[in-house]
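Q: Here you go, this is work_33.cif (mmCIF, C-alpha atoms).
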data_target
#
loop_
_atom_site.label_atom_id
_atom_site.label_comp_id
_atom_site.auth_asym_id
_atom_site.auth_seq_id
_atom_site.Cartn_x
_atom_site.Cartn_y
_atom_site.Cartn_z
CA MET A 19 87.01 341.98 130.40
CA PRO A 20 85.15 340.51 133.38
CA LEU A 21 87.09 339.56 136.49
CA ASP A 22 88.12 335.93 136.86
CA LYS A 23 86.04 334.24 139.58
CA PRO A 24 87.29 330.65 139.69
CA TYR A 25 85.54 330.06 143.02
CA LEU A 26 81.96 330.12 141.74
CA ASP A 27 81.82 326.34 141.16
CA ILE A 28 82.43 325.37 144.82
CA PRO A 29 79.21 323.89 146.24
CA GLY A 30 77.55 325.33 149.35
CA THR A 31 80.02 328.20 149.47
CA THR A 32 79.69 331.96 148.89
CA ILE A 33 82.96 333.85 148.57
CA PHE A 34 82.75 337.29 150.15
CA ASP A 35 84.17 339.30 147.27
CA ALA A 36 83.76 342.97 146.37
CA GLU A 37 80.37 342.32 144.77
CA GLN A 38 78.97 340.56 147.85
CA SER A 39 80.54 343.19 150.09
CA ARG A 40 78.83 345.99 148.19
CA LYS A 41 75.50 344.19 148.35
CA GLY A 42 75.86 343.52 152.07
CA TYR A 43 77.40 346.77 153.22
CA TRP A 44 74.59 347.96 155.50
CA LEU A 45 73.71 344.47 156.70
CA ASN A 46 77.30 343.98 157.83
CA GLN A 47 77.57 347.47 159.30
CA PHE A 48 74.37 346.83 161.30
CA CYS A 49 76.08 343.69 162.63
CA MET A 50 79.15 345.76 163.62
CA SER A 51 76.92 348.01 165.72
CA LEU A 52 76.17 345.00 167.95
CA MET A 53 79.71 345.12 169.30
CA LYS A 54 78.51 347.77 171.75
CA ALA A 55 76.63 346.49 174.78
CA GLU A 56 74.10 349.33 174.68
CA ASN A 57 73.27 348.57 171.04
CA ARG A 58 72.83 344.88 171.82
CA ALA A 59 70.36 345.86 174.53
CA ARG A 60 68.44 348.19 172.21
CA PHE A 61 68.32 345.55 169.45
CA LYS A 62 67.01 342.92 171.85
CA ALA A 63 64.37 345.31 173.17
CA GLY A 64 62.92 345.88 169.69
CA GLU A 65 64.54 344.10 166.76
CA ARG A 66 62.37 345.46 163.97
CA ALA A 67 62.65 349.06 165.18
CA TYR A 68 66.42 348.76 165.50
CA LEU A 69 66.73 347.25 162.00
CA ASP A 70 64.60 350.07 160.59
CA GLU A 71 67.31 352.54 161.64
CA TRP A 72 69.54 351.01 158.95
CA PRO A 73 69.23 351.42 155.15
CA MET A 74 69.04 347.64 154.69
CA THR A 75 66.81 345.87 152.15
CA GLU A 76 63.61 344.25 153.40
CA GLU A 77 65.08 340.85 152.47
CA GLN A 78 68.11 341.55 154.66
CA LYS A 79 65.91 342.57 157.58
CA GLN A 80 63.69 339.50 157.20
CA ALA A 81 66.72 337.23 157.00
CA VAL A 82 68.07 338.71 160.25
CA LEU A 83 64.71 338.45 162.03
CA ALA A 84 64.46 334.79 160.94
CA ARG A 85 68.10 334.20 161.99
CA ASP A 86 68.51 332.47 158.62
CA LEU A 87 72.24 332.78 158.07
CA ASN A 88 72.18 331.25 154.59
CA ARG A 89 69.73 333.97 153.55
CA CYS A 90 71.88 336.61 155.24
CA ILE A 91 74.93 335.41 153.31
CA ALA A 92 73.03 335.36 150.02
CA ALA A 93 72.05 338.97 150.77
CA GLY A 94 75.70 340.00 151.14
CA GLY A 95 76.41 339.09 154.77
CA ASN A 96 79.77 337.78 155.89
CA ILE A 97 80.03 335.24 158.68
CA TYR A 98 82.46 337.28 160.79
CA PHE A 99 79.99 340.15 160.80
CA LEU A 100 76.93 337.90 161.20
CA ALA A 101 78.66 336.33 164.21
CA LYS A 102 77.84 339.52 166.13
CA ILE A 103 74.14 338.57 165.88
CA GLY A 104 75.01 335.13 167.21
CA ALA A 105 76.96 336.68 170.06
CA THR A 106 73.99 338.90 170.88
CA ASP A 107 71.80 335.76 171.00
CA GLY A 108 74.40 333.87 173.07
CA ARG A 109 75.16 331.39 170.28
CA SER A 110 78.58 329.95 169.51
CA PHE A 111 80.29 329.81 166.12
CA GLN A 112 79.60 326.10 166.07
CA GLN A 113 75.89 326.62 166.57
CA MET A 114 75.87 329.28 163.85
CA ALA A 115 77.84 327.20 161.35
CA GLY A 116 75.74 324.12 162.03
CA SER A 117 72.51 326.06 161.52
CA MET A 118 73.42 326.56 157.85
CA THR A 119 73.54 322.83 157.12
CA GLY A 120 70.08 321.82 158.28
CA MET A 121 71.64 319.49 160.83
CA THR A 122 70.68 319.63 164.48
CA GLU A 123 73.25 321.00 166.87
CA ASP A 124 74.09 317.48 168.07
CA GLU A 125 74.36 316.09 164.55
CA TYR A 126 76.75 318.84 163.53
CA ARG A 127 78.87 318.53 166.65
CA ASP A 128 79.10 314.77 166.16
CA MET A 129 80.18 315.25 162.54
CA MET A 130 83.00 317.52 163.71
CA ILE A 131 84.13 315.10 166.44
CA ALA A 132 84.17 312.32 163.83
CA GLY A 133 86.65 314.36 161.77
CA GLY A 134 84.48 316.92 160.02
CA ARG A 135 82.87 317.03 156.60
CA SER A 136 84.80 315.24 153.88
CA VAL A 137 85.99 317.18 150.86
CA GLU A 138 85.22 314.18 148.64
CA GLY A 139 82.32 315.02 146.36
CA ASN A 140 82.32 318.58 147.68
CA ARG A 141 85.03 320.18 145.57
CA ARG A 142 82.90 321.16 142.57
CA VAL A 143 79.25 321.66 141.78
CA GLY A 144 77.93 318.58 140.00
CA GLU A 145 79.62 316.00 142.25
CA ASP A 146 77.63 314.00 144.78
CA GLY A 147 78.95 315.10 148.20
CA ASP A 148 76.75 316.04 151.14
CA ALA A 149 77.19 319.81 150.59
CA GLN A 150 75.71 319.67 147.07
CA ALA A 151 72.42 321.47 146.43
CA HIS A 152 70.47 318.27 145.66
CA ARG A 153 71.32 316.86 149.09
CA GLN A 154 69.94 319.72 151.23
CA PRO A 155 68.92 319.94 153.99
CA GLN A 156 71.26 317.55 155.74
CA GLY A 157 70.84 315.34 158.79
CA ARG A 158 67.50 314.36 160.24
CA ALA A 159 65.78 317.28 158.50
CA GLY A 160 66.93 315.90 155.15
CA ARG A 161 65.79 312.37 155.89
CA ALA A 162 62.37 313.65 156.92
CA ALA A 163 61.99 315.68 153.73
CA MET B 16 121.28 343.86 165.75
CA ALA B 17 117.88 342.22 166.19
CA ARG B 18 117.21 338.77 164.80
CA VAL B 19 114.35 336.35 164.16
CA SER B 20 115.13 333.34 166.32
CA ALA B 21 112.02 331.26 165.72
CA SER B 22 108.57 331.19 164.20
CA VAL B 23 105.41 329.78 165.70
CA TYR B 24 102.30 328.74 163.76
CA THR B 25 98.91 328.08 165.29
CA SER B 26 95.19 328.16 164.65
CA HIS B 27 93.34 330.90 166.55
CA VAL B 28 89.87 329.41 167.02
CA PRO B 29 87.68 331.69 169.22
CA ALA B 30 86.16 328.71 171.04
CA ILE B 31 89.63 327.91 172.41
CA GLY B 32 89.64 331.30 174.11
CA ALA B 33 86.12 330.74 175.39
CA ALA B 34 87.09 327.31 176.77
CA LEU B 35 89.99 328.88 178.70
CA ASP B 36 87.98 331.87 179.87
CA LEU B 37 85.05 329.74 181.06
CA GLY B 38 87.24 327.22 182.89
CA LYS B 39 86.52 324.34 180.49
CA SER B 40 90.13 323.56 179.61
CA GLY B 41 90.08 320.38 181.72
CA GLU B 42 87.18 318.84 179.78
CA PRO B 43 88.22 315.84 177.64
CA TYR B 44 87.14 317.62 174.42
CA TRP B 45 89.46 320.55 175.12
CA GLN B 46 92.24 318.55 176.80
CA LYS B 47 92.95 317.00 173.39
CA VAL B 48 93.59 320.51 172.04
CA PHE B 49 95.55 321.92 174.97
CA ALA B 50 97.73 318.79 175.26
CA GLY B 51 99.31 319.81 171.97
CA TYR B 52 100.53 323.07 173.54
CA GLU B 53 102.08 321.72 176.75
CA PHE B 54 105.48 321.43 175.08
CA SER B 55 105.01 324.88 173.55
CA LYS B 56 104.36 326.64 176.85
CA GLN B 57 107.52 325.13 178.31
CA TRP B 58 109.46 326.00 175.14
CA LEU B 59 108.29 329.63 175.30
CA ARG B 60 109.33 329.91 178.96
CA GLU B 61 112.80 328.64 178.00
CA ASN B 62 113.03 330.67 174.79
CA ARG B 63 111.39 333.88 175.86
CA PRO B 64 111.67 336.49 173.09
CA ASP B 65 112.05 340.23 173.55
CA VAL B 66 109.29 340.91 171.01
CA ILE B 67 106.63 338.81 169.28
CA PHE B 68 105.71 339.96 165.77
CA LEU B 69 102.23 338.45 165.53
CA VAL B 70 100.62 337.97 162.12
CA TYR B 71 96.86 337.45 162.40
CA ASN B 72 93.61 338.60 160.92
CA ASP B 73 91.02 340.88 162.38
CA HIS B 74 87.54 339.31 162.31
CA ALA B 75 85.33 342.33 161.64
CA THR B 76 86.48 343.85 164.93
CA ALA B 77 88.91 346.75 164.51
CA PHE B 78 88.19 346.92 160.79
CA SER B 79 84.57 346.98 159.64
CA LEU B 80 83.68 347.43 155.97
CA GLU B 81 84.56 351.13 156.30
CA ILE B 82 88.29 350.45 155.96
CA ILE B 83 89.83 347.19 154.72
CA PRO B 84 93.63 347.33 154.78
CA THR B 85 95.38 344.39 153.14
CA PHE B 86 98.37 344.65 155.51
CA ALA B 87 98.21 346.73 158.71
CA ILE B 88 101.04 347.08 161.23
CA GLY B 89 100.36 348.22 164.79
CA THR B 90 102.80 350.88 165.95
CA ALA B 91 101.01 351.79 169.18
CA ALA B 92 102.31 351.52 172.75
CA GLU B 93 99.38 349.35 173.79
CA TYR B 94 96.23 347.67 172.51
CA ALA B 95 92.94 347.10 174.31
CA ILE B 96 91.15 343.74 174.19
CA ALA B 97 88.16 343.98 171.86
CA ASP B 98 84.52 343.35 172.71
CA GLU B 99 83.59 341.04 169.82
CA GLY B 100 79.98 340.81 170.92
CA TRP B 101 80.44 338.48 173.89
CA GLY B 102 82.25 341.15 175.96
CA PRO B 103 86.07 341.52 175.99
CA ARG B 104 88.08 338.37 176.78
CA PRO B 105 89.37 338.52 180.38
CA VAL B 106 93.04 338.61 179.43
CA PRO B 107 95.80 341.22 179.96
CA LYS B 108 96.03 344.15 177.59
CA VAL B 109 98.69 343.88 174.90
CA THR B 110 101.80 346.02 175.13
CA GLY B 111 103.30 347.10 171.81
CA HIS B 112 106.82 347.86 170.67
CA PRO B 113 106.47 351.18 168.82
CA GLU B 114 110.19 351.58 168.04
CA LEU B 115 110.64 348.23 166.30
CA ALA B 116 107.19 348.46 164.67
CA ALA B 117 107.92 351.88 163.20
CA HIS B 118 111.33 350.66 162.04
CA VAL B 119 109.78 347.63 160.30
CA ALA B 120 107.12 349.83 158.68
CA GLN B 121 109.70 352.24 157.31
CA SER B 122 111.94 349.47 155.98
CA VAL B 123 109.19 347.32 154.49
CA ILE B 124 107.41 350.23 152.79
CA GLN B 125 110.71 351.22 151.19
CA ASP B 126 110.89 347.62 149.96
CA ASP B 127 107.61 348.22 148.05
CA PHE B 128 105.11 346.71 150.54
CA ASP B 129 102.50 349.42 151.09
CA LEU B 130 101.52 348.82 154.71
CA THR B 131 98.76 350.64 156.56
CA ILE B 132 100.08 352.07 159.83
CA VAL B 133 97.72 351.77 162.78
CA ASN B 134 98.12 353.67 166.04
CA ARG B 135 94.78 352.81 167.59
CA MET B 136 93.33 349.34 167.37
CA ASP B 137 91.56 346.88 169.64
CA VAL B 138 92.79 343.32 169.18
CA ASP B 139 90.47 340.34 168.85
CA HIS B 140 90.71 336.56 169.34
CA GLY B 141 92.92 336.25 166.26
CA LEU B 142 95.71 337.81 168.32
CA THR B 143 94.82 336.85 171.88
CA VAL B 144 94.03 333.14 171.40
CA PRO B 145 97.55 332.33 170.13
CA LEU B 146 98.97 334.21 173.14
CA SER B 147 96.73 332.23 175.48
CA LEU B 148 97.69 328.93 173.87
CA MET B 149 101.42 329.66 174.10
CA CYS B 150 101.44 331.36 177.51
CA GLY B 151 98.54 329.66 179.30
CA ALA B 152 95.68 331.44 181.05
CA GLN B 153 96.62 334.88 182.39
CA ASP B 154 94.78 336.99 184.93
CA PRO B 155 93.53 340.16 183.20
CA ASP B 156 94.90 342.43 185.93
CA ALA B 157 97.62 340.59 187.86
CA GLY B 158 98.88 338.67 184.80
CA ALA B 159 100.84 339.86 181.79
CA TRP B 160 102.03 338.55 178.42
CA PRO B 161 105.73 337.64 178.43
CA CYS B 162 106.90 340.47 176.15
CA PRO B 163 105.74 343.28 173.86
CA VAL B 164 103.76 342.27 170.78
CA ILE B 165 103.61 343.92 167.35
CA PRO B 166 100.19 343.15 165.81
CA PHE B 167 100.28 342.66 162.07
CA ALA B 168 96.78 342.30 160.62
CA VAL B 169 96.14 340.78 157.18
CA ASN B 170 92.86 341.03 155.30
CA VAL B 171 91.59 337.49 154.76
CA VAL B 172 87.91 338.42 155.14
CA GLN B 173 87.07 340.17 151.87
CA TYR B 174 88.29 338.47 148.71
CA PRO B 175 90.81 338.83 147.17
CA VAL B 176 93.25 338.34 150.02
CA PRO B 177 96.98 338.76 149.34
CA SER B 178 98.59 335.89 147.44
CA GLY B 179 100.82 333.32 149.08
CA ARG B 180 103.67 334.57 146.94
CA ARG B 181 103.18 338.12 148.19
CA CYS B 182 102.98 336.92 151.80
CA LEU B 183 106.22 334.94 151.58
CA ALA B 184 108.05 337.90 150.01
CA LEU B 185 106.65 340.23 152.67
CA GLY B 186 107.95 337.89 155.37
CA ARG B 187 111.40 338.13 153.84
CA ALA B 188 111.19 341.93 153.84
CA ILE B 189 110.17 341.82 157.51
CA ARG B 190 113.18 339.62 158.30
CA LYS B 191 115.48 342.11 156.59
CA ALA B 192 113.85 344.98 158.47
CA ILE B 193 114.25 343.27 161.83
CA ALA B 194 117.89 342.41 161.06
CA SER B 195 118.66 346.11 160.52
CA PHE B 196 117.18 347.26 163.86
CA ASP B 197 119.99 348.58 166.01
CA ALA B 198 119.34 346.73 169.28
CA PRO B 199 120.10 343.09 170.18
CA LEU B 200 116.48 341.96 170.26
CA ASN B 201 115.39 338.33 170.06
CA VAL B 202 112.25 338.41 167.89
CA GLN B 203 109.78 335.62 167.19
CA VAL B 204 107.40 335.86 164.26
CA TRP B 205 104.10 334.05 164.70
CA GLY B 206 101.74 333.12 161.89
CA THR B 207 98.18 332.31 162.92
CA GLY B 208 94.80 331.17 161.59
CA GLY B 209 93.64 328.04 159.77
CA MET B 210 93.87 325.17 159.33
CA SER B 211 91.04 323.74 157.22
CA HIS B 212 87.65 325.13 158.18
CA GLN B 213 84.52 326.55 156.65
CA LEU B 214 82.06 328.53 158.74
CA GLN B 215 79.36 329.18 156.17
CA GLY B 216 76.75 327.55 153.99
CA PRO B 217 75.81 323.89 153.47
CA ARG B 218 79.52 323.04 153.20
CA ALA B 219 80.22 324.28 156.77
CA GLY B 220 82.33 321.89 158.81
CA LEU B 221 84.69 320.94 155.99
CA ILE B 222 87.97 319.43 157.23
CA ASN B 223 90.78 318.12 155.03
CA ARG B 224 93.32 316.32 157.18
CA GLU B 225 95.49 315.10 154.29
CA TRP B 226 95.70 318.54 152.69
CA ASP B 227 96.48 320.22 156.01
CA ASN B 228 99.34 317.85 156.76
CA ARG B 229 100.74 318.27 153.28
CA PHE B 230 100.58 322.04 153.87
CA LEU B 231 102.63 321.62 157.06
CA ASP B 232 105.19 319.44 155.24
CA ARG B 233 105.58 321.98 152.45
CA LEU B 234 105.65 324.97 154.80
CA ILE B 235 108.67 323.41 156.49
CA ALA B 236 110.51 322.08 153.44
CA ASP B 237 109.24 323.92 150.36
CA PRO B 238 107.87 327.38 151.18
CA ASP B 239 108.65 328.73 147.71
CA GLY B 240 106.68 325.96 146.04
CA LEU B 241 103.83 326.31 148.53
CA ALA B 242 103.66 330.06 147.91
CA GLN B 243 102.65 329.40 144.29
CA MET B 244 99.37 327.80 145.36
CA PRO B 245 96.41 329.83 144.07
CA HIS B 246 93.66 331.08 146.41
CA VAL B 247 91.03 328.85 144.89
CA GLU B 248 92.91 325.73 145.96
CA TYR B 249 92.88 326.85 149.61
CA VAL B 250 89.15 327.48 149.40
CA ARG B 251 88.27 324.33 147.47
CA GLU B 252 90.43 322.00 149.56
CA ALA B 253 90.55 323.63 153.00
CA GLY B 254 87.27 325.58 153.16
CA SER B 255 86.36 329.22 152.69
CA GLU B 256 88.03 330.21 155.96
CA GLY B 257 91.01 327.94 155.34
CA ILE B 258 92.33 330.83 153.23
CA GLU B 259 93.69 332.23 156.51
CA LEU B 260 96.65 329.89 155.99
CA VAL B 261 98.28 332.35 153.57
CA MET B 262 99.30 334.26 156.69
CA TRP B 263 101.58 331.41 157.76
CA LEU B 264 103.74 332.19 154.73
CA ILE B 265 104.56 335.63 156.17
CA ALA B 266 106.02 334.03 159.29
CA ARG B 267 107.80 331.40 157.19
CA GLY B 268 109.36 334.09 155.00
CA ALA B 269 110.71 335.80 158.12
CA MET B 270 112.84 332.73 158.91
CA SER B 271 116.45 332.61 157.75
CA GLU B 272 117.19 330.76 154.51
CA GLY B 273 117.98 327.10 154.88
CA ARG B 274 115.94 324.37 156.49
CA PRO B 275 114.67 325.34 159.95
CA ARG B 276 114.77 323.03 162.96
CA VAL B 277 111.31 321.60 163.68
CA ARG B 278 110.89 321.77 167.45
CA HIS B 279 107.24 320.83 167.63
CA ARG B 280 104.41 319.72 165.37
CA PHE B 281 100.81 319.09 166.37
CA TYR B 282 97.56 318.47 164.51
CA HIS B 283 94.13 317.79 165.91
CA VAL B 284 90.50 317.73 164.74
CA PRO B 285 88.33 319.39 165.93
CA ALA B 286 88.27 322.57 167.92
CA SER B 287 84.70 323.69 167.31
CA ASN B 288 84.53 323.93 163.47
CA THR B 289 88.24 323.87 162.83
CA ALA B 290 91.33 321.72 162.37
CA VAL B 291 94.03 322.84 164.78
CA GLY B 292 97.56 322.93 163.38
CA HIS B 293 100.65 324.03 165.25
CA LEU B 294 104.37 324.22 164.46
CA ILE B 295 107.44 325.66 166.14
CA LEU B 296 110.40 326.26 163.83
CA GLU B 297 113.77 327.52 165.00
CA SER B 298 116.29 329.36 162.85
CA THR B 299 119.44 327.35 162.23
#
Written as structure tokens, how would this file's structure read?

A:
Amino acid sequence: MPLDKPYLDIPGTTIFDAEQSRKGYWLNQFCMSLMKAENRARFKAGERAYLDEWPMTEEQKQAVLARDLNRCIAAGGNIYFLAKIGATDGRSFQQMAGSMTGMTEDEYRDMMIAGGRSVEGNRRVGEDGDAQAHRQPQGRAGRAA
Amino acid sequence: MARVSASVYTSHVPAIGAALDLGKSGEPYWQKVFAGYEFSKQWLRENRPDVIFLVYNDHATAFSLEIIPTFAIGTAAEYAIADEGWGPRPVPKVTGHPELAAHVAQSVIQDDFDLTIVNRMDVDHGLTVPLSLMCGAQDPDAGAWPCPVIPFAVNVVQYPVPSGRRCLALGRAIRKAIASFDAPLNVQVWGTGGMSHQLQGPRAGLINREWDNRFLDRLIADPDGLAQMPHVEYVREAGSEGIELVMWLIARGAMSEGRPRVRHRFYHVPASNTAVGHLILEST
């Protein structure tokens, strides 16, 4: 009998379960290596060469090089691990989280100050909230598209 | 005998630590957060415990994907401050309480909770931000935390995390363990993390003020009912990282039966991506 995964119908959300963890093992372990200052320096000096030391998939490496956190998460990354890349780049959690919405940094910060994203319309896939697939990207990028 | 005199609940947002460490605590954005802890700092000075049993989660710091313990108790004499990628926070090292920690481990494991025992572990913002909020900024060398701390790390990173029901029952086992320790220690149990927040994907930035406040109400008055809430409701209503709130049920379970005295309640949006919730409950 397959495992019950009642969280698959939440829009714009990837739950880091055993399957994602298995897929992202080396991506996340690469991220862990950036907790050492000397590794951060080596990564910055040559990102591609540093990534090639790890048995990651090409998609994972490309997602890291592009700093595309949604792609990293789809490839098995977890935000607490991916945050080590952000730290290496000098980016805050807010900048990282905002980058996954398509909003500019100011747009995302203003949304948070105004009380954050509403759960209305964002509980289940198929509703019409701003986190639903048909409303991406958000903010100015979405209006331009 | 030792006893649990109070429990403290608070979010542990890393940006709060950064605001303190970078001298930004006077900025209007952060003042609104720190104002909610002014009472708490005074309360802690007046109600200084002998030991803080601090329930938190490690954020891919001490535990990578190599080892993922569901419940890990720190039994070491001291804990270094972790470098999470930005360099270690400039705060004092954390002193442990190996005797009480080992006693709790032995008692709780015999009560069927299979803890992982950890004798070497760096502690991250999940543990140090609550200390900073409750004690104020401390010089890393000249300063010190008010008492020894027992770190108790819960896996809330890789799904499935422990259930609310399991966390509440574990808290009760911890209370029993503390009550059988043969020294007159005043122990506080702190539950940290939450409240609503989501740090990933197009749904990042989710906040659910009504749900959070209902959670606080039920934590105070109906912990048994609250403990029945399934994981998926936390995630759907309070965001993928809102699941951290199950840890509050461990601290709640450690309180004596009967309705606790609510000494302080605070709620504010936002601190970075997160809703900040804070409670102080005293045993009656």

Q: Taking all atoms listed in the file into account, which of B:Ser122, B:Thr76, B:Thr85, B:Asn134 comes nearest chain A?

A: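 Looking only at the distances to chain A, the closest residue turns out to be B:Thr76.
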
Q: Could you give me, as a Markdown table, every chain A residue with an atom at most 6 Å from chain B, plus its closest atom pair and distance in Å to one decimal, counting only C-alpha atoms, rows ordered by chain then number?

A:
| residue | atom | partner | partner_atom | distance |
| --- | --- | --- | --- | --- |
| A:Tyr25 | CA | B:Val247 | CA | 5.9 |
| A:Gly30 | CA | B:Pro217 | CA | 4.7 |
| A:Thr31 | CA | B:Gly216 | CA | 5.6 |
| A:Phe34 | CA | B:Gln173 | CA | 5.5 |
| A:Asp35 | CA | B:Tyr174 | CA | 4.4 |
| A:Met53 | CA | B:Gly100 | CA | 4.6 |
| A:Asn88 | CA | B:Gly216 | CA | 5.9 |
| A:Tyr98 | CA | B:His74 | CA | 5.7 |
| A:Phe99 | CA | B:Ala75 | CA | 5.8 |
| A:Lys102 | CA | B:Gly100 | CA | 5.4 |
| A:Ala105 | CA | B:Gly100 | CA | 5.2 |
| A:Gln112 | CA | B:Ser287 | CA | 5.8 |
| A:Ala115 | CA | B:Leu214 | CA | 5.1 |
| A:Met118 | CA | B:Gly216 | CA | 5.2 |
| A:Thr119 | CA | B:Pro217 | CA | 4.4 |
| A:Gly133 | CA | B:Val284 | CA | 5.9 |
| A:Gly134 | CA | B:Ile222 | CA | 5.1 |
| A:Arg135 | CA | B:Leu221 | CA | 4.4 |
| A:Arg141 | CA | B:Arg251 | CA | 5.6 |
| A:Ala149 | CA | B:Arg218 | CA | 4.8 |

Q: What is the CA of Met270 in chain B to CA of Gln203 in chain B distance in Å?

A: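 Value for the CA of Met270 in chain B-CA of Gln203 in chain B distance: 9.3 Å.
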
Q: Of the candidates B:Leu241, B:Leu234, B:Leu142, B:Ala188, which one gets nearest to Val109 in chain B if we count only C-alpha atoms?

A: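 Nearest to Val109 in chain B: B:Leu142.
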
Q: Need to verify the contact set: Tyr71 in chain B, 12 Å, all atoms listed in the file, exclusion of same-chain residues closer than 2 positions in sequence. Can you return it as number ranges by chain?

A: B: 23-28, 68-69, 73-74, 85-89, 138-146, 164-172, 204-209, 259-266

Q: Rounded to one decimal, what separation in Å do you get between CA of Gly95 in chain A and CA of Leu45 in chain A?

A: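 For CA of Gly95 in chain A relative to CA of Leu45 in chain A, the distance reads 6.3 Å.
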
Q: What's the 9 Å shell around range 55-57 of chain B, counting all atoms listed in the file, without same-chain residues fewer than 3 positions away, as a list in words?

A: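 The residues that qualify are Gly51, Tyr52, Arg60, Glu61, Asn62, Leu148, Met149, Cys150, Gly151, His279 and Ile295 of chain B.
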
Q: Report as a PyMOL selection string all protein, DNA and RNA residues lying within 10 Å of Tyr68 in chain A, evaluated on all atoms listed in the file, omitting residues in the same chain fewer than 6 positions from it.

A: chain A and resi 48+57-58+60-62

Q: In Å, how far is it from CA of Ile28 in chain A to CA of Leu87 in chain A?

A: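 Separation between CA of Ile28 in chain A and CA of Leu87 in chain A: 18.3 Å.
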
Q: What do you get, as a PyMOL selection string, if you spell out every residue that the PyMOL selection byres ((chain A and resi 70) around 12) selects here?

A: chain A and resi 44-45+48+61+64-69+71-76+78-80+82-83
